[in-house]
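Coordinates from coords.cif are shown below (mmCIF, C-alpha atoms, pLDDT in the B column; chains and numbers go by the auth columns).
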data_work
loop_
_atom_site.group_PDB
_atom_site.id
_atom_site.type_symbol
_atom_site.label_atom_id
_atom_site.label_comp_id
_atom_site.label_asym_id
_atom_site.label_seq_id
_atom_site.Cartn_x
_atom_site.Cartn_y
_atom_site.Cartn_z
_atom_site.B_iso_or_equiv
_atom_site.auth_seq_id
_atom_site.auth_asym_id
ATOM 1 C CA ALA A 1 0.000 0.000 0.000 70.00 21 H
ATOM 2 C CA GLN A 2 2.846 2.368 0.814 79.00 22 H
ATOM 3 C CA THR A 3 4.493 1.581 -2.532 79.00 23 H
ATOM 4 C CA TYR A 4 1.268 2.389 -4.387 79.00 24 H
ATOM 5 C CA ILE A 5 0.818 5.664 -2.502 84.00 25 H
ATOM 6 C CA SER A 6 4.470 6.547 -3.051 88.00 26 H
ATOM 7 C CA ILE A 7 4.228 5.944 -6.814 90.00 27 H
ATOM 8 C CA ARG A 8 0.962 7.873 -7.069 90.00 28 H
ATOM 9 C CA ASP A 9 2.349 10.815 -5.100 92.00 29 H
ATOM 10 C CA SER A 10 5.592 10.818 -7.046 94.00 30 H
ATOM 11 C CA LEU A 11 3.721 10.813 -10.364 95.00 31 H
ATOM 12 C CA HIS A 12 1.478 13.629 -9.173 95.00 32 H
ATOM 13 C CA SER A 13 4.525 15.654 -8.141 96.00 33 H
ATOM 14 C CA GLU A 14 6.309 15.030 -11.448 96.00 34 H
ATOM 15 C CA LEU A 15 3.237 16.014 -13.483 96.00 35 H
ATOM 16 C CA ASP A 16 2.834 19.155 -11.395 96.00 36 H
ATOM 17 C CA ASN A 17 6.497 20.114 -11.790 97.00 37 H
ATOM 18 C CA GLU A 18 6.409 19.526 -15.541 97.00 38 H
ATOM 19 C CA PHE A 19 3.222 21.455 -16.279 97.00 39 H
ATOM 20 C CA LYS A 20 2.738 24.017 -13.484 95.00 40 H
ATOM 21 C CA GLU A 21 4.000 26.868 -15.662 95.00 41 H
ATOM 22 C CA ASP A 22 1.672 25.799 -18.493 95.00 42 H
ATOM 23 C CA PHE A 23 -1.551 25.315 -16.533 93.00 43 H
ATOM 24 C CA LYS A 24 -2.414 29.002 -16.362 90.00 44 H
ATOM 25 C CA ARG A 25 -1.637 29.555 -20.057 90.00 45 H
ATOM 26 C CA TRP A 26 -3.720 26.502 -21.010 91.00 46 H
ATOM 27 C CA ASN A 27 -6.580 27.154 -18.530 89.00 47 H
ATOM 28 C CA ALA A 28 -5.869 23.725 -17.097 92.00 48 H
ATOM 29 C CA SER A 29 -5.219 22.232 -13.695 93.00 49 H
ATOM 30 C CA LEU A 30 -3.954 19.100 -12.010 95.00 50 H
ATOM 31 C CA ASP A 31 -6.465 17.666 -9.570 90.00 51 H
ATOM 32 C CA SER A 32 -4.689 17.568 -6.218 75.00 52 H
ATOM 33 C CA THR A 33 -6.352 14.337 -5.088 79.00 53 H
ATOM 34 C CA ASN A 34 -6.207 12.383 -8.341 85.00 54 H
ATOM 35 C CA LEU A 35 -3.971 12.021 -11.343 92.00 55 H
ATOM 36 C CA VAL A 36 -6.265 14.147 -13.518 94.00 56 H
ATOM 37 C CA ILE A 37 -5.246 16.998 -15.776 95.00 57 H
ATOM 38 C CA ARG A 38 -8.314 19.058 -16.573 89.00 58 H
ATOM 39 C CA PHE A 39 -8.597 21.385 -19.578 89.00 59 H
ATOM 40 C CA TYR A 40 -11.476 23.810 -19.167 82.00 60 H
ATOM 41 C CA GLY A 41 -10.571 27.126 -20.739 77.00 61 H
ATOM 42 C CA PRO A 42 -12.576 28.855 -23.465 76.00 62 H
ATOM 43 C CA GLU A 43 -9.859 28.326 -26.062 71.00 63 H
ATOM 44 C CA VAL A 44 -10.055 24.547 -25.696 76.00 64 H
ATOM 45 C CA LYS A 45 -13.836 24.381 -25.709 78.00 65 H
ATOM 46 C CA PHE A 46 -15.530 22.619 -28.570 78.00 66 H
ATOM 47 C CA GLU A 47 -18.163 24.577 -30.467 78.00 67 H
ATOM 48 C CA ALA A 48 -21.685 23.850 -29.231 74.00 68 H
ATOM 49 C CA GLY A 49 -22.834 20.499 -30.560 78.00 69 H
ATOM 50 C CA GLU A 50 -19.554 19.920 -32.445 81.00 70 H
ATOM 51 C CA SER A 51 -16.728 17.403 -32.040 85.00 71 H
ATOM 52 C CA GLU A 52 -14.045 19.066 -34.160 90.00 72 H
ATOM 53 C CA ILE A 53 -11.056 20.038 -32.010 91.00 73 H
ATOM 54 C CA PRO A 54 -10.461 23.794 -31.899 90.00 74 H
ATOM 55 C CA GLU A 55 -7.138 24.814 -33.467 91.00 75 H
ATOM 56 C CA VAL A 56 -5.885 26.326 -30.218 91.00 76 H
ATOM 57 C CA PHE A 57 -6.568 23.063 -28.382 91.00 77 H
ATOM 58 C CA GLU A 58 -4.626 21.186 -31.066 92.00 78 H
ATOM 59 C CA GLU A 59 -1.655 23.442 -30.293 92.00 79 H
ATOM 60 C CA VAL A 60 -2.059 22.728 -26.572 92.00 80 H
ATOM 61 C CA LEU A 61 -2.223 18.985 -27.241 93.00 81 H
ATOM 62 C CA ASP A 62 0.895 19.201 -29.431 92.00 82 H
ATOM 63 C CA ASP A 63 2.763 20.696 -26.478 93.00 83 H
ATOM 64 C CA PHE A 64 1.140 18.676 -23.706 94.00 84 H
ATOM 65 C CA PHE A 65 0.771 15.114 -24.926 93.00 85 H
ATOM 66 C CA PRO A 66 4.380 14.167 -25.834 91.00 86 H
ATOM 67 C CA ARG A 67 5.626 15.537 -22.498 93.00 87 H
ATOM 68 C CA TYR A 68 2.813 13.761 -20.658 95.00 88 H
ATOM 69 C CA ILE A 69 3.618 10.427 -22.303 93.00 89 H
ATOM 70 C CA SER A 70 7.325 10.934 -21.657 91.00 90 H
ATOM 71 C CA ILE A 71 6.596 11.060 -17.920 95.00 91 H
ATOM 72 C CA LEU A 72 4.181 8.111 -17.946 94.00 92 H
ATOM 73 C CA THR A 73 6.642 5.909 -19.854 92.00 93 H
ATOM 74 C CA GLY A 74 9.442 6.666 -17.419 90.00 94 H
ATOM 75 C CA ASP A 75 11.025 3.723 -15.624 90.00 95 H
ATOM 76 C CA LEU A 76 9.293 4.469 -12.333 91.00 96 H
ATOM 77 C CA TYR A 77 5.741 4.565 -13.774 93.00 97 H
ATOM 78 C CA LYS A 78 5.548 2.619 -17.028 92.00 98 H
ATOM 79 C CA GLU A 79 4.765 -0.773 -15.524 90.00 99 H
ATOM 80 C CA HIS A 80 2.200 0.706 -13.124 92.00 100 H
ATOM 81 C CA VAL A 81 0.064 2.657 -15.617 94.00 101 H
ATOM 82 C CA GLU A 82 -3.012 0.601 -16.405 93.00 102 H
ATOM 83 C CA GLU A 83 -5.018 3.157 -18.344 94.00 103 H
ATOM 84 C CA ILE A 84 -4.716 6.668 -19.725 95.00 104 H
ATOM 85 C CA ARG A 85 -8.264 7.936 -20.026 95.00 105 H
ATOM 86 C CA ILE A 86 -9.299 10.843 -22.183 95.00 106 H
ATOM 87 C CA GLU A 87 -12.574 11.908 -20.624 92.00 107 H
ATOM 88 C CA GLY A 88 -15.095 14.222 -22.214 87.00 108 H
ATOM 89 C CA HIS A 89 -17.633 15.920 -19.956 83.00 109 H
ATOM 90 C CA THR A 90 -20.619 18.115 -20.676 79.00 110 H
ATOM 91 C CA SER A 91 -22.939 20.241 -18.587 74.00 111 H
ATOM 92 C CA SER A 92 -26.452 18.935 -17.966 75.00 112 H
ATOM 93 C CA GLU A 93 -28.074 21.324 -20.401 74.00 113 H
ATOM 94 C CA ASP A 94 -28.914 20.928 -24.044 70.00 114 H
ATOM 95 C CA HIS A 95 -31.353 23.349 -25.547 63.00 115 H
ATOM 96 C CA ARG A 96 -32.305 20.952 -28.361 70.00 116 H
ATOM 97 C CA ALA A 97 -33.594 18.294 -25.970 62.00 117 H
ATOM 98 C CA TYR A 98 -37.167 17.985 -24.774 73.00 118 H
ATOM 99 C CA ASN A 99 -36.308 16.405 -21.428 81.00 119 H
ATOM 100 C CA GLU A 100 -33.377 15.481 -19.151 81.00 120 H
ATOM 101 C CA GLU A 101 -32.999 11.962 -20.543 83.00 121 H
ATOM 102 C CA GLU A 102 -32.831 13.228 -24.108 82.00 122 H
ATOM 103 C CA ALA A 103 -30.246 15.846 -23.099 80.00 123 H
ATOM 104 C CA TYR A 104 -28.164 13.213 -21.306 83.00 124 H
ATOM 105 C CA LEU A 105 -28.209 10.861 -24.303 87.00 125 H
ATOM 106 C CA PHE A 106 -27.397 13.626 -26.783 84.00 126 H
ATOM 107 C CA ASN A 107 -24.538 14.818 -24.556 82.00 127 H
ATOM 108 C CA MET A 108 -23.287 11.232 -24.198 87.00 128 H
ATOM 109 C CA GLU A 109 -22.962 10.864 -27.948 89.00 129 H
ATOM 110 C CA LEU A 110 -21.385 14.307 -28.213 86.00 130 H
ATOM 111 C CA SER A 111 -18.862 13.670 -25.423 86.00 131 H
ATOM 112 C CA GLN A 112 -17.921 10.307 -26.954 93.00 132 H
ATOM 113 C CA ASN A 113 -17.390 11.899 -30.371 91.00 133 H
ATOM 114 C CA ARG A 114 -15.228 14.610 -28.806 88.00 134 H
ATOM 115 C CA THR A 115 -13.024 12.173 -26.910 93.00 135 H
ATOM 116 C CA ARG A 116 -12.592 10.063 -30.037 94.00 136 H
ATOM 117 C CA SER A 117 -11.490 13.200 -31.862 92.00 137 H
ATOM 118 C CA VAL A 118 -8.924 13.936 -29.148 93.00 138 H
ATOM 119 C CA LEU A 119 -7.741 10.309 -29.097 93.00 139 H
ATOM 120 C CA ASN A 120 -7.370 10.278 -32.876 92.00 140 H
ATOM 121 C CA TYR A 121 -5.522 13.578 -32.813 93.00 141 H
ATOM 122 C CA VAL A 122 -2.992 12.636 -30.120 91.00 142 H
ATOM 123 C CA LEU A 123 -2.283 9.264 -31.705 88.00 143 H
ATOM 124 C CA THR A 124 -1.769 10.630 -35.208 85.00 144 H
ATOM 125 C CA ASN A 125 -0.253 14.057 -34.419 79.00 145 H
ATOM 126 C CA SER A 126 1.418 13.643 -31.060 64.00 146 H
ATOM 127 C CA MET A 127 4.967 13.511 -32.325 62.00 147 H
ATOM 128 C CA ILE A 128 5.409 10.081 -30.780 63.00 148 H
ATOM 129 C CA ASP A 129 7.709 8.299 -33.176 59.00 149 H
ATOM 130 C CA SER A 130 5.745 5.385 -34.637 57.00 150 H
ATOM 131 C CA SER A 131 8.895 3.260 -34.637 54.00 151 H
ATOM 132 C CA SER A 132 9.414 3.745 -30.910 63.00 152 H
ATOM 133 C CA ASP A 133 8.255 1.394 -28.178 70.00 153 H
ATOM 134 C CA TYR A 134 5.983 4.151 -26.879 77.00 154 H
ATOM 135 C CA LYS A 135 3.383 4.011 -29.641 80.00 155 H
ATOM 136 C CA PRO A 136 2.200 0.403 -28.964 85.00 156 H
ATOM 137 C CA TRP A 137 2.402 1.029 -25.214 88.00 157 H
ATOM 138 C CA VAL A 138 0.276 4.171 -25.507 89.00 158 H
ATOM 139 C CA ARG A 139 -2.209 2.513 -27.867 89.00 159 H
ATOM 140 C CA SER A 140 -2.662 -0.390 -25.455 92.00 160 H
ATOM 141 C CA ARG A 141 -3.568 1.966 -22.598 94.00 161 H
ATOM 142 C CA LEU A 142 -5.213 5.013 -24.150 94.00 162 H
ATOM 143 C CA THR A 143 -9.018 5.080 -24.045 95.00 163 H
ATOM 144 C CA ALA A 144 -11.653 7.641 -25.019 94.00 164 H
ATOM 145 C CA ASN A 145 -14.507 7.946 -22.566 92.00 165 H
ATOM 146 C CA GLY A 146 -17.485 10.217 -23.129 88.00 166 H
ATOM 147 C CA LEU A 147 -19.261 10.734 -19.836 84.00 167 H
ATOM 148 C CA SER A 148 -21.988 13.198 -20.811 79.00 168 H
ATOM 149 C CA SER A 149 -23.166 15.012 -17.685 75.00 169 H
ATOM 150 C CA SER A 150 -22.534 12.146 -15.261 77.00 170 H
ATOM 151 C CA LYS A 151 -19.646 13.901 -13.459 84.00 171 H
ATOM 152 C CA LEU A 152 -20.783 17.484 -13.072 77.00 172 H
ATOM 153 C CA LEU A 153 -18.732 20.067 -11.208 78.00 173 H
ATOM 154 C CA TYR A 154 -20.387 22.307 -8.622 86.00 174 H
ATOM 155 C CA ASP A 155 -19.702 25.796 -7.295 87.00 175 H
ATOM 156 C CA ALA A 156 -19.337 26.739 -3.633 92.00 176 H
ATOM 157 C CA LYS A 157 -23.128 27.100 -3.328 94.00 177 H
ATOM 158 C CA GLY A 158 -23.729 23.528 -4.535 92.00 178 H
ATOM 159 C CA GLN A 159 -25.059 24.639 -7.927 90.00 179 H
ATOM 160 C CA GLU A 160 -23.860 23.049 -11.153 83.00 180 H
ATOM 161 C CA ASP A 161 -20.997 25.043 -12.641 82.00 181 H
ATOM 162 C CA LYS A 162 -22.020 24.646 -16.275 77.00 182 H
ATOM 163 C CA TYR A 163 -18.869 26.295 -17.583 73.00 183 H
ATOM 164 C CA MET A 164 -16.480 24.090 -15.563 77.00 184 H
ATOM 165 C CA SER A 165 -18.569 20.975 -16.223 76.00 185 H
ATOM 166 C CA ARG A 166 -17.752 21.300 -19.938 79.00 186 H
ATOM 167 C CA ARG A 167 -14.210 19.978 -20.027 82.00 187 H
ATOM 168 C CA VAL A 168 -11.685 17.458 -21.293 86.00 188 H
ATOM 169 C CA GLU A 169 -9.597 15.515 -18.806 89.00 189 H
ATOM 170 C CA PHE A 170 -6.616 13.209 -19.007 95.00 190 H
ATOM 171 C CA ARG A 171 -6.779 10.710 -16.152 94.00 191 H
ATOM 172 C CA VAL A 172 -4.135 8.145 -15.248 94.00 192 H
ATOM 173 C CA ARG A 173 -5.261 4.932 -13.609 91.00 193 H
ATOM 174 C CA LEU A 174 -2.510 2.990 -11.892 89.00 194 H
ATOM 175 C CA ASN A 175 -2.656 -0.771 -11.620 87.00 195 H
ATOM 176 C CA ALA A 176 -3.952 -0.855 -8.054 73.00 196 H
ATOM 177 C CA ASP A 177 -5.041 -4.490 -8.527 61.00 197 H
ATOM 178 C CA LYS A 178 -1.402 -5.509 -8.855 66.00 198 H
ATOM 179 C CA PHE A 179 -0.603 -3.840 -5.541 63.00 199 H
ATOM 180 C CA LEU A 180 -3.665 -5.359 -3.891 65.00 200 H
ATOM 181 C CA GLN A 181 -2.683 -8.819 -5.136 63.00 201 H
ATOM 182 C CA THR A 182 0.798 -8.380 -3.672 66.00 202 H
ATOM 183 C CA ILE A 183 -0.715 -7.296 -0.337 63.00 203 H
ATOM 184 C CA ASN A 184 -3.075 -10.300 -0.419 63.00 204 H
ATOM 185 C CA GLU A 185 -0.179 -12.690 -1.111 68.00 205 H
ATOM 186 C CA LEU A 186 1.759 -11.254 1.832 65.00 206 H
#

Show me, as structure tokens, the structure contained in the file I just sent.
Amino acid sequence: AQTYISIRDSLHSELDNEFKEDFKRWNASLDSTNLVIRFYGPEVKFEAGESEIPEVFEEVLDDFFPRYISILTGDLYKEHVEEIRIEGHTSSEDHRAYNEEEAYLFNMELSQNRTRSVLNYVLTNSMIDSSSDYKPWVRSRLTANGLSSSKLLYDAKGQEDKYMSRRVEFRVRLNADKFLQTINEL
């Protein structure tokens, strides 16, 4: 358990050190309790109802993703990374829907299309040399997950923050099962 916590904390610290100067410029943040980098600024927002990546976000991804993968494929973390999730989130609203269920389903499809666009972009334009060992490693762990409005963010008053709820996140899942199995065997 201590090894898992140590690796998680070390990875968090390394991600923070690498990107802390960029977060403000990108309108992004690193979640202090998880291994989640959240992009939420207006320049990275998709157009309403669209899944085409804004040009400015492509530039951010060009800068971010190779550095991100370089950290995750480092000797200390590579064997412990189980999944790199690209998560797309929406607010709960959709003015084209007649009811909440319709809005949720429309936003689910939209968030899935957006994350597939981001996944496609980082795999084809991420400057990861296709002859390197990184490309198959990344492909075997990178997933695109559209979550619609299932993980809303709230303001201090407990109200949905519709602006912050519309975001793209990169989440690292470590292989906790491996650590738990080792603990169980001990």

Taken to one decimal, the CA of Glu99 (chain H)-CA of Leu35 (chain H) distance is 17.0 Å

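The neighbours of region 90-95 of chain H here are the residues that come within 8 Å of it, using only C-alpha atoms and leaving out any residue fewer than 6 positions away in the same chain; they are Glu34, Leu35, Val101 and Tyr154 of chain H.
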
Take the PyMOL selection byres ((chain H and resi 133) around 10), run it mentally on this structure, and tell me the resulting residues as a PyMOL selection string. chain H and resi 70-72+108+127-132+134-139+164-166

Suppose we keep C-alpha atoms; can you now write the selection as a PDB file, keeping the file's coordinate frame?
ATOM      1  CA  GLU H  70     -19.554  19.920 -32.445  1.00 81.00           C
ATOM      2  CA  SER H  71     -16.728  17.403 -32.040  1.00 85.00           C
ATOM      3  CA  GLU H  72     -14.045  19.066 -34.160  1.00 90.00           C
ATOM      4  CA  GLY H 108     -15.095  14.222 -22.214  1.00 87.00           C
ATOM      5  CA  ASN H 127     -24.538  14.818 -24.556  1.00 82.00           C
ATOM      6  CA  MET H 128     -23.287  11.232 -24.198  1.00 87.00           C
ATOM      7  CA  GLU H 129     -22.962  10.864 -27.948  1.00 89.00           C
ATOM      8  CA  LEU H 130     -21.385  14.307 -28.213  1.00 86.00           C
ATOM      9  CA  SER H 131     -18.862  13.670 -25.423  1.00 86.00           C
ATOM     10  CA  GLN H 132     -17.921  10.307 -26.954  1.00 93.00           C
ATOM     11  CA  ARG H 134     -15.228  14.610 -28.806  1.00 88.00           C
ATOM     12  CA  THR H 135     -13.024  12.173 -26.910  1.00 93.00           C
ATOM     13  CA  ARG H 136     -12.592  10.063 -30.037  1.00 94.00           C
ATOM     14  CA  SER H 137     -11.490  13.200 -31.862  1.00 92.00           C
ATOM     15  CA  VAL H 138      -8.924  13.936 -29.148  1.00 93.00           C
ATOM     16  CA  LEU H 139      -7.741  10.309 -29.097  1.00 93.00           C
ATOM     17  CA  ALA H 164     -11.653   7.641 -25.019  1.00 94.00           C
ATOM     18  CA  ASN H 165     -14.507   7.946 -22.566  1.00 92.00           C
ATOM     19  CA  GLY H 166     -17.485  10.217 -23.129  1.00 88.00           C
TER      20      GLY H 166
END

Considering only C-alpha atoms, can you say which of H:Tyr88, H:Tyr141, H:Ala68, H:Tyr60 comes closest to Asp181 (chain H)?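 The answer is H:Tyr60, which sits nearest to Asp181 (chain H).
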
So that I can see what lies close to region 26-30 of chain H, please list as an MDAnalysis selection string the residues with an atom at most 9 Å from it, counting only C-alpha atoms and leaving out residues fewer than 5 positions away in the same chain. chainID H and resid 21 35 54:55 96:97 100 194

Which residues, named as in the file, does the PyMOL selection byres ((chain H and resi 43) around 12) pick out? Answer as an MDAnalysis selection string. chainID H and resid 35:42 44:51 57:61 80 83:84

Anything within 9 Å of (-3.3, 5.9, -26.8): list those residues as a short mmCIF file (atom, residue, chain, number, x, y, z; two decimals) with C-alpha atoms, keeping the file's coordinate frame, counting all atoms listed in the file and sticking to the file's coordinates.
data_model
loop_
_atom_site.label_atom_id
_atom_site.label_comp_id
_atom_site.auth_asym_id
_atom_site.auth_seq_id
_atom_site.Cartn_x
_atom_site.Cartn_y
_atom_site.Cartn_z
CA ILE H 104 -4.72 6.67 -19.73
CA ARG H 105 -8.26 7.94 -20.03
CA LEU H 139 -7.74 10.31 -29.10
CA ASN H 140 -7.37 10.28 -32.88
CA VAL H 142 -2.99 12.64 -30.12
CA LEU H 143 -2.28 9.26 -31.70
CA LYS H 155 3.38 4.01 -29.64
CA PRO H 156 2.20 0.40 -28.96
CA TRP H 157 2.40 1.03 -25.21
CA VAL H 158 0.28 4.17 -25.51
CA ARG H 159 -2.21 2.51 -27.87
CA SER H 160 -2.66 -0.39 -25.46
CA ARG H 161 -3.57 1.97 -22.60
CA LEU H 162 -5.21 5.01 -24.15
CA THR H 163 -9.02 5.08 -24.04
CA ALA H 164 -11.65 7.64 -25.02
#

Query raised in the report: Could you work out how far CA of Lys65 (chain H) lies from CA of Tyr118 (chain H), giving the answer in Å with one decimal?
Result: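 One can read the CA of Tyr118 (chain H) to CA of Lys65 (chain H) distance as 24.2 Å.
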
Next on the checklist: For a quick check of understanding, using only C-alpha atoms, which of H:Asp114, H:Asn145, H:Phe126, H:Arg193 has the smallest distance to Glu79 (chain H)?
Outcome noted: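 Using only C-alpha atoms, Glu79 (chain H) sits closest to H:Asn145.
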
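Compared by their closest atoms to Lys98 (chain H), and using all atoms listed in the file, the residues H:Val56, H:Glu120, H:Glu180, H:Asp153 rank with H:Asp153 nearest.
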
Let me know the residues the PyMOL selection byres ((chain H and resi 172) around 8) catches in the file above, as a PyMOL selection string.
chain H and resi 109-112+169-171+173-174+180-182+185

Convert the current residue selection to file output with C-alpha atoms, as a JSON list (two decimals), keeping the file's coordinate frame.
[["chain", "number", "residue", "atom", "x", "y", "z"],
["H", 109, "HIS", "CA", -17.63, 15.92, -19.96],
["H", 110, "THR", "CA", -20.62, 18.11, -20.68],
["H", 111, "SER", "CA", -22.94, 20.24, -18.59],
["H", 112, "SER", "CA", -26.45, 18.93, -17.97],
["H", 169, "SER", "CA", -23.17, 15.01, -17.68],
["H", 170, "SER", "CA", -22.53, 12.15, -15.26],
["H", 171, "LYS", "CA", -19.65, 13.90, -13.46],
["H", 173, "LEU", "CA", -18.73, 20.07, -11.21],
["H", 174, "TYR", "CA", -20.39, 22.31, -8.62],
["H", 180, "GLU", "CA", -23.86, 23.05, -11.15],
["H", 181, "ASP", "CA", -21.00, 25.04, -12.64],
["H", 182, "LYS", "CA", -22.02, 24.65, -16.27],
["H", 185, "SER", "CA", -18.57, 20.98, -16.22]]

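Shortest atom-to-atom contact with Asn195 (chain H) among H:Phe85, H:Thr53, H:Glu103, H:Leu31: H:Glu103, counting all atoms listed in the file.
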
message: One number please: CA of Val64 (chain H) to CA of Arg187 (chain H), in Å, one decimal.
response: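 Interatomic distance here is 8.4 Å.
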
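When all atoms listed in the file are used to measure the gap to Ile106 (chain H), the shortest distance among H:Arg186, H:Lys177, H:Arg191, H:Arg87 belongs to H:Arg191.
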
### Query
Taking into account all atoms listed in the file, which residue in the set H:Leu125, H:Ala176, H:Leu81, H:Ile25 is nearest to Thr144 (chain H)?
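Comparing H:Leu125, H:Ala176, H:Leu81, H:Ile25 against Thr144 (chain H), the winner is H:Leu81.
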
What would region 161-177 of chain H look like with N, CA and C atoms restored, written as a PDB file, keeping the file's coordinate frame?
ATOM      1  N   ARG H 161      -3.055   1.413 -23.852  1.00 94.00           N
ATOM      2  CA  ARG H 161      -3.568   1.966 -22.598  1.00 94.00           C
ATOM      3  C   ARG H 161      -4.495   3.165 -22.772  1.00 94.00           C
ATOM      4  N   LEU H 162      -4.448   3.795 -23.927  1.00 94.00           N
ATOM      5  CA  LEU H 162      -5.213   5.013 -24.150  1.00 94.00           C
ATOM      6  C   LEU H 162      -6.659   4.687 -24.511  1.00 94.00           C
ATOM      7  N   THR H 163      -7.593   5.285 -23.783  1.00 95.00           N
ATOM      8  CA  THR H 163      -9.018   5.080 -24.045  1.00 95.00           C
ATOM      9  C   THR H 163      -9.718   6.429 -24.154  1.00 95.00           C
ATOM     10  N   ALA H 164     -10.825   6.444 -24.870  1.00 94.00           N
ATOM     11  CA  ALA H 164     -11.653   7.641 -25.019  1.00 94.00           C
ATOM     12  C   ALA H 164     -12.985   7.363 -24.339  1.00 94.00           C
ATOM     13  N   ASN H 165     -13.320   8.179 -23.382  1.00 92.00           N
ATOM     14  CA  ASN H 165     -14.507   7.946 -22.566  1.00 92.00           C
ATOM     15  C   ASN H 165     -15.381   9.195 -22.527  1.00 92.00           C
ATOM     16  N   GLY H 166     -16.510   9.137 -23.197  1.00 88.00           N
ATOM     17  CA  GLY H 166     -17.485  10.217 -23.129  1.00 88.00           C
ATOM     18  C   GLY H 166     -18.400   9.963 -21.953  1.00 88.00           C
ATOM     19  N   LEU H 167     -18.502  10.936 -21.066  1.00 84.00           N
ATOM     20  CA  LEU H 167     -19.261  10.734 -19.836  1.00 84.00           C
ATOM     21  C   LEU H 167     -20.502  11.611 -19.726  1.00 84.00           C
ATOM     22  N   SER H 168     -20.816  12.337 -20.788  1.00 79.00           N
ATOM     23  CA  SER H 168     -21.988  13.198 -20.811  1.00 79.00           C
ATOM     24  C   SER H 168     -21.972  14.108 -19.588  1.00 79.00           C
ATOM     25  N   SER H 169     -23.054  14.156 -18.869  1.00 75.00           N
ATOM     26  CA  SER H 169     -23.166  15.012 -17.685  1.00 75.00           C
ATOM     27  C   SER H 169     -23.150  14.197 -16.393  1.00 75.00           C
ATOM     28  N   SER H 170     -22.517  13.023 -16.438  1.00 77.00           N
ATOM     29  CA  SER H 170     -22.534  12.146 -15.261  1.00 77.00           C
ATOM     30  C   SER H 170     -21.579  12.581 -14.159  1.00 77.00           C
ATOM     31  N   LYS H 171     -20.634  13.456 -14.460  1.00 84.00           N
ATOM     32  CA  LYS H 171     -19.646  13.901 -13.459  1.00 84.00           C
ATOM     33  C   LYS H 171     -19.598  15.430 -13.462  1.00 84.00           C
ATOM     34  N   LEU H 172     -20.686  16.028 -13.081  1.00 77.00           N
ATOM     35  CA  LEU H 172     -20.783  17.484 -13.072  1.00 77.00           C
ATOM     36  C   LEU H 172     -19.883  18.084 -11.998  1.00 77.00           C
ATOM     37  N   LEU H 173     -19.480  19.324 -12.216  1.00 78.00           N
ATOM     38  CA  LEU H 173     -18.732  20.067 -11.208  1.00 78.00           C
ATOM     39  C   LEU H 173     -19.661  21.124 -10.622  1.00 78.00           C
ATOM     40  N   TYR H 174     -19.488  21.415  -9.339  1.00 86.00           N
ATOM     41  CA  TYR H 174     -20.387  22.307  -8.622  1.00 86.00           C
ATOM     42  C   TYR H 174     -19.621  23.486  -8.034  1.00 86.00           C
ATOM     43  N   ASP H 175     -20.317  24.617  -7.902  1.00 87.00           N
ATOM     44  CA  ASP H 175     -19.702  25.796  -7.295  1.00 87.00           C
ATOM     45  C   ASP H 175     -19.830  25.707  -5.777  1.00 87.00           C
ATOM     46  N   ALA H 176     -19.344  26.723  -5.103  1.00 92.00           N
ATOM     47  CA  ALA H 176     -19.337  26.739  -3.633  1.00 92.00           C
ATOM     48  C   ALA H 176     -20.740  26.689  -3.041  1.00 92.00           C
ATOM     49  N   LYS H 177     -21.739  27.109  -3.805  1.00 94.00           N
ATOM     50  CA  LYS H 177     -23.128  27.100  -3.328  1.00 94.00           C
ATOM     51  C   LYS H 177     -23.838  25.785  -3.616  1.00 94.00           C
TER      52      LYS H 177
END
